[in-house]
$ cat model-v1.cif   # mmCIF, C-alpha atoms
data_structure
#
loop_
_atom_site.label_atom_id
_atom_site.label_comp_id
_atom_site.auth_asym_id
_atom_site.auth_seq_id
_atom_site.Cartn_x
_atom_site.Cartn_y
_atom_site.Cartn_z
CA MET X 1 0.00 0.00 0.00
CA PRO X 2 1.51 3.42 -0.93
CA ALA X 3 2.58 5.47 2.08
CA GLU X 4 0.10 8.27 1.38
CA VAL X 5 -2.83 5.89 0.99
CA GLU X 6 -1.80 4.07 4.15
CA ARG X 7 -1.58 7.36 6.05
CA ARG X 8 -5.07 8.40 4.94
CA HIS X 9 -6.43 4.99 5.91
CA GLY X 10 -4.79 5.36 9.33
CA LEU X 11 -6.27 8.83 9.77
CA ARG X 12 -9.79 7.59 8.94
CA SER X 13 -9.37 4.70 11.39
CA ASN X 14 -8.06 7.05 14.04
CA LEU X 15 -10.98 9.45 13.54
CA PHE X 16 -13.48 6.57 13.80
CA TRP X 17 -12.09 5.11 17.01
CA THR X 18 -11.50 8.51 18.56
CA GLY X 19 -15.03 9.61 17.68
CA LEU X 20 -16.45 6.42 19.17
CA SER X 21 -14.40 6.81 22.36
CA ALA X 22 -14.95 10.53 22.86
CA GLY X 23 -18.61 10.43 21.85
CA SER X 24 -19.47 7.61 24.24
CA SER X 25 -17.30 9.16 26.97
CA GLN X 26 -18.83 12.62 26.77
CA GLY X 27 -22.32 11.21 26.41
CA ALA X 28 -21.81 8.99 29.46
CA LEU X 29 -20.37 11.87 31.52
CA PHE X 30 -23.29 14.11 30.62
CA LEU X 31 -25.80 11.42 31.64
CA ILE X 32 -23.84 10.76 34.85
CA ASN X 33 -24.31 14.42 35.77
CA VAL X 34 -28.04 14.12 35.07
CA VAL X 35 -28.46 10.94 37.13
CA VAL X 36 -26.35 12.22 40.04
CA ALA X 37 -28.52 15.36 40.15
CA ARG X 38 -31.53 13.07 40.61
CA LEU X 39 -29.89 10.82 43.22
CA LEU X 40 -28.12 13.24 45.56
CA HIS X 41 -28.95 16.41 47.43
CA ALA X 42 -27.92 19.64 45.69
CA SER X 43 -25.03 20.24 48.14
CA GLU X 44 -23.65 16.76 47.38
CA VAL X 45 -24.13 17.36 43.66
CA ALA X 46 -22.10 20.55 44.04
CA ASP X 47 -19.27 18.59 45.71
CA PHE X 48 -19.42 15.90 43.01
CA LEU X 49 -19.16 18.45 40.20
CA VAL X 50 -16.36 20.32 42.00
CA ILE X 51 -14.42 17.04 42.35
CA LEU X 52 -14.97 16.42 38.63
CA ALA X 53 -13.47 19.85 37.99
CA LEU X 54 -10.50 18.95 40.21
CA SER X 55 -10.06 15.69 38.28
CA SER X 56 -9.57 17.80 35.14
CA LEU X 57 -7.57 20.67 36.64
CA VAL X 58 -5.05 18.78 38.79
CA PRO X 59 -4.07 16.20 36.11
CA ALA X 60 -3.44 19.10 33.75
CA MET X 61 -0.83 20.31 36.25
CA PHE X 62 0.80 16.92 36.82
CA SER X 63 0.39 15.00 33.54
CA PHE X 64 3.37 16.86 32.00
CA GLY X 65 1.57 16.92 28.68
CA LEU X 66 2.22 13.23 28.05
CA GLU X 67 -1.25 12.74 26.61
CA ARG X 68 -0.01 14.78 23.62
CA LEU X 69 3.76 15.03 24.03
CA GLY X 70 4.05 11.28 24.56
CA VAL X 71 2.53 10.59 21.16
CA VAL X 72 4.94 13.08 19.54
CA LEU X 73 8.01 11.65 21.31
CA LEU X 74 7.13 8.06 20.48
CA SER X 75 6.16 8.85 16.89
CA ASN X 76 9.55 10.47 16.30
CA SER X 77 11.60 7.77 18.07
CA SER X 78 13.71 5.36 16.08
CA VAL X 79 12.84 1.68 15.83
CA GLY X 80 13.76 -0.06 19.08
CA HIS X 81 14.05 3.22 20.96
CA ALA X 82 10.35 3.52 21.83
CA ALA X 83 10.58 0.93 24.64
CA ALA X 84 13.06 3.06 26.59
CA VAL X 85 10.93 6.17 26.13
CA ALA X 86 7.79 4.29 27.25
CA LYS X 87 9.61 3.01 30.37
CA ALA X 88 10.56 6.55 31.38
CA MET X 89 6.96 7.65 30.85
CA ARG X 90 5.69 4.91 33.19
CA ARG X 91 7.96 6.16 35.95
CA VAL X 92 6.88 9.74 35.41
CA THR X 93 3.24 8.62 35.54
CA GLY X 94 3.67 6.99 38.95
CA LEU X 95 5.45 9.97 40.50
CA ALA X 96 3.07 12.50 38.97
CA SER X 97 -0.04 10.67 40.20
CA ILE X 98 1.22 10.72 43.80
CA ALA X 99 1.81 14.46 43.52
CA ALA X 100 -1.66 14.91 42.01
CA ALA X 101 -3.27 13.17 45.00
CA ALA X 102 -1.50 15.49 47.44
CA ALA X 103 -2.55 18.56 45.44
CA ALA X 104 -6.17 17.36 45.35
CA ILE X 105 -6.30 17.02 49.14
CA ALA X 106 -4.95 20.54 49.57
CA LEU X 107 -7.36 22.11 47.07
CA SER X 108 -10.39 20.22 48.38
CA VAL X 109 -10.07 22.08 51.70
CA PHE X 110 -11.03 25.32 49.93
CA VAL X 111 -13.63 24.23 47.37
CA VAL X 112 -15.38 21.08 48.68
CA SER X 113 -18.16 22.05 51.09
CA SER X 114 -18.23 18.68 52.89
CA ASP X 115 -16.13 18.44 56.06
CA SER X 116 -15.82 14.66 55.75
CA LEU X 117 -12.21 13.41 55.65
CA THR X 118 -13.44 10.37 53.72
CA ILE X 119 -14.77 12.58 50.93
CA ARG X 120 -11.48 14.47 50.71
CA LEU X 121 -9.40 11.28 50.62
CA LEU X 122 -11.68 9.75 47.98
CA ALA X 123 -11.42 12.96 45.95
CA ALA X 124 -7.62 12.56 46.05
CA PHE X 125 -7.95 8.92 44.95
CA VAL X 126 -10.19 9.88 42.02
CA VAL X 127 -7.80 12.63 40.92
CA ALA X 128 -4.70 10.40 41.17
CA ALA X 129 -6.34 7.56 39.24
CA GLU X 130 -7.58 9.94 36.56
CA ASN X 131 -4.13 11.54 36.33
CA ALA X 132 -2.55 8.15 35.62
CA ARG X 133 -5.23 7.23 33.10
CA ILE X 134 -4.87 10.51 31.21
CA MET X 135 -1.08 10.16 30.97
CA VAL X 136 -1.13 6.71 29.34
CA ALA X 137 -4.50 6.42 27.61
CA ASP X 138 -3.60 8.05 24.28
CA LEU X 139 -0.06 6.66 23.85
CA PRO X 140 -1.18 3.72 21.63
CA ARG X 141 -1.96 6.34 18.98
CA ALA X 142 1.78 6.55 18.32
CA TRP X 143 1.39 3.07 16.80
CA ALA X 144 -1.80 4.16 14.96
CA ARG X 145 -3.81 2.00 17.38
CA ALA X 146 -6.65 4.28 18.35
CA ASP X 147 -8.73 1.12 18.88
CA LEU X 148 -6.46 0.18 21.80
CA ALA X 149 -6.61 3.74 23.13
CA LEU X 150 -10.37 3.19 23.35
CA VAL X 151 -9.81 0.44 25.95
CA SER X 152 -7.76 2.64 28.28
CA GLY X 153 -9.69 5.84 27.58
CA PRO X 154 -12.40 7.46 29.70
CA ALA X 155 -15.32 5.81 27.90
CA GLY X 156 -15.13 2.46 29.73
CA PRO X 157 -15.02 3.81 33.29
CA ARG X 158 -17.72 6.37 32.62
CA LEU X 159 -20.07 3.90 30.93
CA ALA X 160 -19.63 1.45 33.81
CA LEU X 161 -20.33 4.17 36.39
CA LEU X 162 -23.38 5.31 34.39
CA ILE X 163 -24.81 1.77 34.39
CA LEU X 164 -24.36 1.52 38.17
CA LEU X 165 -25.99 4.89 38.82
CA ALA X 166 -28.85 4.21 36.40
CA ALA X 167 -29.55 0.93 38.19
CA GLN X 168 -29.66 2.80 41.50
CA LEU X 169 -32.05 5.38 40.06
CA LEU X 170 -34.38 2.76 38.61
CA SER X 171 -34.38 0.72 41.81
CA THR X 172 -35.20 3.85 43.85
CA THR X 173 -32.54 2.86 46.40
CA SER X 174 -30.22 5.48 47.86
CA ILE X 175 -26.52 5.79 47.19
CA ARG X 176 -23.95 7.93 48.96
CA LEU X 177 -21.43 10.33 47.44
CA ASP X 178 -18.47 8.44 48.92
CA THR X 179 -19.62 5.23 47.21
CA ILE X 180 -19.83 6.98 43.86
CA LEU X 181 -16.33 8.43 44.27
CA LEU X 182 -14.86 5.07 45.32
CA VAL X 183 -16.32 3.30 42.29
CA GLN X 184 -15.21 6.10 39.98
CA GLY X 185 -11.63 5.94 41.30
CA VAL X 186 -11.42 2.15 40.99
CA LEU X 187 -12.71 2.24 37.41
CA SER X 188 -10.24 4.99 36.37
CA LEU X 189 -7.33 3.15 38.00
CA SER X 190 -8.27 -0.06 36.20
CA ALA X 191 -8.29 1.76 32.85
CA ALA X 192 -4.88 3.28 33.67
CA LEU X 193 -3.38 -0.16 34.38
CA VAL X 194 -4.77 -1.48 31.10
CA GLY X 195 -3.13 1.46 29.32
CA VAL X 196 0.24 0.82 30.99
CA VAL X 197 0.21 -2.85 29.95
CA THR X 198 -0.89 -1.99 26.41
CA VAL X 199 1.89 0.57 25.86
CA HIS X 200 4.47 -1.78 27.38
CA ARG X 201 3.56 -4.57 24.96
CA LEU X 202 3.41 -2.26 21.94
CA SER X 203 6.77 -0.63 22.72
CA ARG X 204 8.49 -4.00 23.04
CA HIS X 205 7.14 -5.63 19.92
CA ASN X 206 6.10 -2.91 17.43
CA ALA X 207 7.70 0.12 15.80
CA PRO X 208 5.77 3.41 16.06
CA ALA X 209 3.64 4.14 13.01
CA GLU X 210 5.68 7.19 11.99
CA SER X 211 9.03 5.91 13.29
CA PRO X 212 11.83 7.65 11.33
CA ALA X 213 14.25 5.52 9.40
CA ASP X 214 17.24 7.77 10.04
CA GLY X 215 17.86 6.90 13.68
CA VAL X 216 16.34 9.98 15.33
CA GLU X 217 15.97 9.35 19.04
CA GLY X 218 13.81 11.05 21.61
CA PRO X 219 14.68 11.64 25.27
CA VAL X 220 15.20 8.69 27.63
CA GLY X 221 14.88 8.79 31.41
CA VAL X 222 12.59 10.50 33.90
CA VAL X 223 14.58 13.75 33.94
CA ALA X 224 14.66 13.97 30.15
CA VAL X 225 10.89 13.40 29.85
CA LEU X 226 10.19 15.96 32.57
CA ARG X 227 12.46 18.47 30.83
CA GLU X 228 10.49 18.04 27.62
CA GLY X 229 7.12 18.01 29.34
CA TRP X 230 7.23 20.69 32.04
CA PRO X 231 6.40 23.58 29.66
CA LEU X 232 3.33 21.65 28.50
CA SER X 233 2.42 20.88 32.11
CA VAL X 234 2.36 24.61 32.84
CA ALA X 235 0.52 25.28 29.58
CA ASN X 236 -2.06 22.58 30.30
CA SER X 237 -2.55 24.06 33.74
CA GLY X 238 -3.40 27.33 32.07
CA LEU X 239 -5.84 25.62 29.70
CA ALA X 240 -7.48 23.71 32.54
CA LEU X 241 -7.77 26.91 34.54
CA LEU X 242 -9.59 28.47 31.60
CA ASN X 243 -12.06 25.56 31.46
CA GLN X 244 -12.46 24.55 35.12
CA VAL X 245 -11.43 27.29 37.53
CA ASP X 246 -14.70 29.16 37.10
CA THR X 247 -16.48 26.30 38.89
CA LEU X 248 -13.91 26.39 41.70
CA VAL X 249 -14.18 30.18 42.03
CA VAL X 250 -17.96 29.91 42.26
CA ALA X 251 -17.54 27.13 44.85
CA PHE X 252 -15.37 29.42 46.97
CA PHE X 253 -17.63 32.50 46.87
CA PHE X 254 -21.19 31.19 46.48
CA ASP X 255 -23.59 28.82 48.23
CA PRO X 256 -23.82 25.11 47.22
CA ILE X 257 -27.08 25.54 45.28
CA THR X 258 -25.53 28.27 43.11
CA VAL X 259 -22.40 26.15 42.71
CA ALA X 260 -24.41 23.17 41.50
CA SER X 261 -26.50 25.21 39.05
CA TYR X 262 -23.47 27.03 37.63
CA ALA X 263 -21.44 23.81 37.35
CA VAL X 264 -24.24 22.16 35.39
CA VAL X 265 -24.38 25.00 32.85
CA SER X 266 -20.57 25.18 32.68
CA ARG X 267 -20.23 21.47 31.98
CA MET X 268 -22.86 21.65 29.25
CA SER X 269 -21.00 24.48 27.52
CA ASN X 270 -17.72 22.62 27.97
CA LEU X 271 -19.08 19.90 25.72
CA ILE X 272 -18.10 22.19 22.83
CA GLY X 273 -14.50 22.34 24.01
CA ASN X 274 -14.48 18.61 24.69
CA ILE X 275 -15.54 17.88 21.13
CA LYS X 276 -12.74 20.13 19.87
CA THR X 277 -10.29 18.20 22.06
CA MET X 278 -11.61 14.96 20.57
CA CYS X 279 -10.80 16.19 17.07
CA ASN X 280 -7.41 17.41 18.25
CA VAL X 281 -6.57 13.97 19.66
CA ALA X 282 -7.76 12.25 16.48
CA LEU X 283 -5.63 14.46 14.25
CA LEU X 284 -2.56 14.52 16.53
CA PRO X 285 -0.78 11.45 15.06
CA SER X 286 -1.02 13.05 11.61
CA LEU X 287 -0.07 16.53 12.83
CA ALA X 288 2.80 15.15 14.94
CA ARG X 289 4.86 14.41 11.80
CA ARG X 290 7.24 17.29 11.21
CA PRO X 291 6.78 18.41 7.58
CA ARG X 292 9.69 17.89 5.17
CA SER X 293 8.25 20.01 2.38
CA ARG X 294 5.72 22.73 1.66
CA VAL X 295 3.35 20.13 0.24
CA ASP X 296 3.54 18.18 3.51
CA SER X 297 2.86 21.33 5.52
CA ASP X 298 -0.07 22.36 3.31
CA GLN X 299 -1.63 18.93 3.63
CA GLN X 300 -1.45 18.97 7.43
CA THR X 301 -2.81 22.51 7.60
CA ARG X 302 -5.69 21.68 5.27
CA GLN X 303 -6.65 18.62 7.35
CA ALA X 304 -6.75 20.66 10.55
CA ARG X 305 -8.63 23.62 9.03
CA VAL X 306 -11.26 21.49 7.32
CA ALA X 307 -11.87 19.47 10.49
CA MET X 308 -12.24 22.52 12.74
CA SER X 309 -14.30 24.51 10.21
CA ALA X 310 -16.71 21.62 9.71
CA LEU X 311 -16.94 21.21 13.47
CA PHE X 312 -17.75 24.91 13.91
CA VAL X 313 -20.58 24.71 11.37
CA ILE X 314 -21.98 21.54 12.98
CA LEU X 315 -21.89 22.96 16.51
CA LEU X 316 -23.28 26.41 15.74
CA LEU X 317 -26.99 25.52 15.48
CA PRO X 318 -27.28 23.27 18.59
CA THR X 319 -25.33 25.85 20.59
CA VAL X 320 -27.75 28.62 19.59
CA VAL X 321 -30.69 26.37 20.50
CA PHE X 322 -29.17 25.62 23.89
CA VAL X 323 -28.53 29.30 24.63
CA LEU X 324 -32.09 30.30 23.70
CA PHE X 325 -33.77 27.54 25.68
CA ALA X 326 -31.20 26.97 28.46
CA PRO X 327 -33.60 27.39 31.44
CA THR X 328 -36.09 24.93 30.00
CA MET X 329 -33.45 22.38 28.97
CA VAL X 330 -31.55 22.52 32.25
CA GLY X 331 -34.74 22.30 34.28
CA TRP X 332 -36.02 19.33 32.29
CA LEU X 333 -32.75 17.40 32.48
CA PHE X 334 -31.50 18.18 35.98
CA GLY X 335 -34.43 19.70 37.81
CA ASP X 336 -35.67 23.24 38.36
CA THR X 337 -33.17 23.75 41.20
CA TYR X 338 -30.31 23.76 38.69
CA ALA X 339 -31.80 26.27 36.22
CA ALA X 340 -30.85 29.32 38.28
CA ALA X 341 -27.56 29.95 36.44
CA SER X 342 -28.79 29.22 32.91
CA GLY X 343 -28.78 32.95 32.08
CA VAL X 344 -24.96 32.93 31.79
CA ALA X 345 -24.90 30.04 29.30
CA TRP X 346 -24.41 32.32 26.28
CA LEU X 347 -21.24 33.85 27.75
CA LEU X 348 -19.65 30.44 28.28
CA CYS X 349 -20.73 29.08 24.88
CA LEU X 350 -19.45 32.14 23.03
CA GLY X 351 -15.96 31.54 24.40
CA GLN X 352 -16.02 27.87 23.44
CA LEU X 353 -17.24 28.57 19.90
CA THR X 354 -14.52 31.22 19.46
CA SER X 355 -11.95 28.61 20.44
CA VAL X 356 -13.26 26.20 17.78
CA PHE X 357 -13.30 29.00 15.17
CA PHE X 358 -9.56 29.63 15.61
CA GLY X 359 -8.59 26.00 15.17
CA LEU X 360 -5.67 23.85 16.33
CA ALA X 361 -2.78 26.30 16.53
CA GLY X 362 -1.50 24.57 19.67
CA SER X 363 -0.96 21.25 17.87
CA PHE X 364 1.18 22.93 15.20
CA LEU X 365 3.23 24.74 17.83
CA LEU X 366 3.73 21.47 19.70
CA ARG X 367 4.84 19.74 16.52
CA ASP X 368 7.44 22.45 15.94
CA GLY X 369 8.84 22.24 19.47
CA GLN X 370 7.20 25.48 20.66
CA GLN X 371 6.13 24.12 24.05
CA ARG X 372 7.31 27.25 25.84
CA ALA X 373 5.27 29.51 23.59
CA ILE X 374 2.19 27.41 24.34
CA MET X 375 3.06 27.61 28.03
CA TRP X 376 3.35 31.39 28.18
CA ILE X 377 0.25 32.06 26.10
CA GLN X 378 -1.97 29.72 28.10
CA ILE X 379 -0.67 30.55 31.55
CA LEU X 380 -0.77 34.33 31.06
CA THR X 381 -4.25 34.17 29.56
CA ALA X 382 -5.38 31.91 32.40
CA ALA X 383 -3.87 34.21 35.03
CA ALA X 384 -5.67 37.24 33.63
CA SER X 385 -8.94 35.35 33.26
CA THR X 386 -8.70 33.85 36.77
CA GLY X 387 -8.03 37.28 38.25
CA LEU X 388 -11.16 38.64 36.61
CA MET X 389 -13.18 35.64 37.84
CA ILE X 390 -12.02 36.23 41.40
CA ILE X 391 -13.10 39.87 41.13
CA GLY X 392 -16.48 38.72 39.83
CA GLY X 393 -16.84 36.23 42.67
CA ALA X 394 -15.82 38.80 45.27
CA VAL X 395 -18.53 41.23 44.11
CA GLY X 396 -21.08 38.41 43.89
CA SER X 397 -21.63 38.59 40.11
CA LEU X 398 -22.10 35.19 38.48
CA ALA X 399 -22.32 36.83 35.04
CA PHE X 400 -18.94 38.52 35.58
CA VAL X 401 -17.36 35.14 36.40
CA ALA X 402 -18.89 33.57 33.27
CA ALA X 403 -17.83 36.49 31.06
CA ALA X 404 -14.24 36.24 32.32
CA SER X 405 -14.27 32.49 31.67
CA GLY X 406 -15.57 32.88 28.11
CA LEU X 407 -13.14 35.72 27.40
CA GLY X 408 -10.21 33.61 28.59
CA THR X 409 -11.17 30.57 26.52
CA GLY X 410 -11.71 32.49 23.30
CA GLY X 411 -8.85 34.91 23.85
CA CYS X 412 -6.31 32.16 24.40
CA ALA X 413 -7.21 30.52 21.08
CA LEU X 414 -7.06 33.88 19.29
CA ILE X 415 -3.61 34.79 20.65
CA MET X 416 -2.16 31.35 19.91
CA THR X 417 -3.51 31.43 16.34
CA PHE X 418 -1.89 34.74 15.50
CA TYR X 419 1.37 33.79 17.22
CA LEU X 420 1.51 30.73 14.96
CA TRP X 421 0.80 32.88 11.90
CA ASN X 422 3.54 35.35 12.76
CA LYS X 423 5.99 32.54 13.51
CA SER X 424 5.36 30.12 10.64
CA GLN X 425 2.70 31.69 8.40
CA ILE X 426 0.38 28.74 9.05
CA PRO X 427 -3.32 29.71 8.89
CA SER X 428 -5.16 27.58 11.46
CA TRP X 429 -8.40 29.58 11.73
CA PHE X 430 -11.76 28.90 10.04
CA GLY X 431 -11.30 28.03 6.39
CA PHE X 432 -11.10 25.16 3.93
CA SER X 433 -7.80 25.77 2.13
CA ALA X 434 -4.12 26.00 3.04
CA ARG X 435 -1.07 27.74 1.69
CA THR X 436 1.87 27.97 4.06
CA ARG X 437 5.42 29.20 3.71
CA ILE X 438 7.02 26.91 6.26
CA GLU X 439 10.54 25.77 5.44
CA PRO X 440 11.34 22.03 5.32
CA THR X 441 12.73 20.62 8.58
CA PRO X 442 15.81 18.46 8.00
CA PRO X 443 15.75 15.24 10.06
CA SER X 444 19.09 16.11 11.63
CA GLU X 445 17.56 19.21 13.26
CA VAL X 446 14.57 17.45 14.81
#

$ encode --input "model-v1.cif" --output "C-alpha cells"
Amino acid sequence: MPAEVERRHGLRSNLFWTGLSAGSSQGALFLINVVVARLLHASEVADFLVILALSSLVPAMFSFGLERLGVVLLSNSSVGHAAAVAKAMRRVTGLASIAAAAAAIALSVFVVSSDSLTIRLLAAFVVAAENARIMVADLPRAWARADLALVSGPAGPRLALLILLAAQLLSTTSIRLDTILLVQGVLSLSAALVGVVTVHRLSRHNAPAESPADGVEGPVGVVAVLREGWPLSVANSGLALLNQVDTLVVAFFFDPITVASYAVVSRMSNLIGNIKTMCNVALLPSLARRPRSRVDSDQQTRQARVAMSALFVILLLPTVVFVLFAPTMVGWLFGDTYAAASGVAWLLCLGQLTSVFFGLAGSFLLRDGQQRAIMWIQILTAAASTGLMIIGGAVGSLAFVAAASGLGTGGCALIMTFYLWNKSQIPSWFGFSARTRIEPTPPSEV
C-alpha cells in the first residue's frame, strides 16, 4: 500500500475510534451528571461536580503533557528506541499521580463544602487515578492503534459508572457520594493499568507508526521526559484553569445551590470544548509528523482547518438552540433547582465557539517544538482570566465570572492562532484551504 494511501487509511481509522471513544465518553459523563442530580442532594451534587473539575484541573498540572507530548516523542523515536521512552513515561506517571493526590487534598479544603475526611481522601484517589489514566490512555496512537486507546480511555469507566448509577435510580434505592467516588476511582485506575500494559507490549514488539528511518531518538529517562514536558504541564494548567477554575471560584464564593446550578451550565458548555479536544486527539498522530516540504505542511494545515471549520458549522446551530432555551433544557434534564444559572450560558458558549473557530494552533506549535510559547500564552491568559473571575466572585456577580471564563477561553485561542501565523505563516483559523510558507525541517535538526 503506498505510504500516502496508508496514512489516509490510518487517519480515517483514528478518527473513527476517537469519535467512538470521545462520543461515548462525553455522552456517558453528561448522563452521569443528570443521574447524580436526581440521586443526591444539591449540596452533594455541588461537591461531586467540584471534584470532577478537580479531576480535570489537577491532572493538567501533573500529567506533564504526556497525553499529547508522549505521542509526539514516540512517533519520532527510532525503531527499538520507543521501549526506553515508554519506560521513562511509566515512571513519570507513577510519581506524577502521587503528587496529584497530594494537590487534590490541599485544594479540596477550599472548594469542597463537605467536612468529611473520607470525601477528601476519595477525591484525592479519584484525581490520582484519573491523572494516571490521562497520561497513558492516548499513547497507543503513536502506533496508529486508536482502537487500543479506546480500551484505556475514559469511555469504559464512565459507561460502567453510568450503568451503576442508572440501576440505583431505577431501583429507587439510595446511594452515597463516597460510594460513587470510590467506584469512579477504581474504574479509572483499572483503565490506567490497562493502558500501561498496552503501551508496554506495543513498545516491546512494534515500531511506532511514523518511526523515522534515520535513527532519530527522543529523550530517555525521567529527567529527560520531565524536561520536555514541564512547559506543556504549565501550559495545560493554564488551559485547565480556563475551562475549570470558574467552577472552583464559584464554589469558593457562592452557596452550594448556586455552585451546583453554575457547574451544570458550565459542563454543558464545555461539551463544545471537549468535542474540539476529541478532534485534536484524532488528528494529533497526523499533525505530529514534522513536515519535510511545503506540500507536507499544506496537507497537514488543510486537514486541521477542514476538520475545525466543519466542526464549527456543525456545533453552531445546537449551541444557539441551547442558549435560547437553556432554562427549559436545564430544568427538564437536571431539575428546576439547577436552572438558576442558565442565564450565563451564552457567555460560556461564546468563548467555546470562538476557540473552535480559531482551530488547532496549539498542535502545530507542539509539533514544531514550541512548548514554551504554548506555556506562556496559556498561563498568562489563564492568570488574567482567573483574576477577573475572582473579582467577579468577590462582588457576587455570576455573570462577571462567566464572562471572564468565556473571554479567557476564546482569547487564548485567538492569541495562539496569531502567534503561529507570525511565527510560521500557518493559517489555522476557520477556512477550507491552506497555503503555508514553512521551510522544510531536515531530520538532523529534529

$ residues_around --input "model-v1.cif" --residues "Asn131 of chain X" --least-positions-apart "5" --cutoff "10 Å" --atoms "all atoms listed in the file" --output "list in words"
Ser55, Ser56, Leu57, Val58, Pro59, Ala60, Met61, Phe62, Ser63, Thr93, Gly94, Ala96, Ser97, Ile98, Ala99, Ala100, Ala101, Phe125, Val126, Val136, Ser188, Leu189 and Ala192 of chain X

$ resolve_selection --input "model-v1.cif" --expression "the PyMOL selection byres ((chain X and resi 183) around 12)" --output "tab-separated table (two decimals) with C-alpha atoms, keeping the file's coordinate frame"
chain	number	residue	atom	x	y	z
X	122	LEU	CA	-11.68	9.75	47.98
X	123	ALA	CA	-11.42	12.96	45.95
X	125	PHE	CA	-7.95	8.92	44.95
X	126	VAL	CA	-10.19	9.88	42.02
X	129	ALA	CA	-6.34	7.56	39.24
X	157	PRO	CA	-15.02	3.81	33.29
X	158	ARG	CA	-17.72	6.37	32.62
X	159	LEU	CA	-20.07	3.90	30.93
X	160	ALA	CA	-19.63	1.45	33.81
X	161	LEU	CA	-20.33	4.17	36.39
X	162	LEU	CA	-23.38	5.31	34.39
X	163	ILE	CA	-24.81	1.77	34.39
X	164	LEU	CA	-24.36	1.52	38.17
X	165	LEU	CA	-25.99	4.89	38.82
X	175	ILE	CA	-26.52	5.79	47.19
X	176	ARG	CA	-23.95	7.93	48.96
X	177	LEU	CA	-21.43	10.33	47.44
X	178	ASP	CA	-18.47	8.44	48.92
X	179	THR	CA	-19.62	5.23	47.21
X	180	ILE	CA	-19.83	6.98	43.86
X	181	LEU	CA	-16.33	8.43	44.27
X	182	LEU	CA	-14.86	5.07	45.32
X	184	GLN	CA	-15.21	6.10	39.98
X	185	GLY	CA	-11.63	5.94	41.30
X	186	VAL	CA	-11.42	2.15	40.99
X	187	LEU	CA	-12.71	2.24	37.41
X	188	SER	CA	-10.24	4.99	36.37
X	189	LEU	CA	-7.33	3.15	38.00
X	190	SER	CA	-8.27	-0.06	36.20

$ axis_aligned_box --input "model-v1.cif" --around "segment 324-331 of chain X" --padding-each-side "6 Å" --output "AutoDock Vina command-line options"
--center_x -33.6 --center_y 26.3 --center_z 29.0 --size_x 16.9 --size_y 20.0 --size_z 22.6

$ closest_residue --input "model-v1.cif" --among "X:Asp115, X:Glu130, X:Glu44, X:Asp255" --to "Gly393 of chain X" --atoms "all atoms listed in the file"
X:Asp255

$ closest_residue --input "model-v1.cif" --among "X:Leu170, X:Leu226, X:Leu193, X:Ala53" --to "Met89 of chain X" --atoms "all atoms listed in the file"
X:Leu226

$ atom_distance --input "model-v1.cif" --atom1 "atom CA of Val92 of chain X" --atom2 "atom CA of Gly195 of chain X"
14.3 Å

$ residues_around --input "model-v1.cif" --residues "segment 407-409 of chain X" --least-positions-apart "6" --cutoff "8 Å" --atoms "only C-alpha atoms" --output "CSV table (one decimal) with C-alpha atoms, in the frame of the given file"
chain,number,residue,atom,x,y,z
X,239,LEU,CA,-5.8,25.6,29.7
X,242,LEU,CA,-9.6,28.5,31.6
X,243,ASN,CA,-12.1,25.6,31.5
X,351,GLY,CA,-16.0,31.5,24.4
X,352,GLN,CA,-16.0,27.9,23.4
X,354,THR,CA,-14.5,31.2,19.5
X,355,SER,CA,-12.0,28.6,20.4
X,381,THR,CA,-4.2,34.2,29.6
X,382,ALA,CA,-5.4,31.9,32.4
X,384,ALA,CA,-5.7,37.2,33.6
X,385,SER,CA,-8.9,35.4,33.3
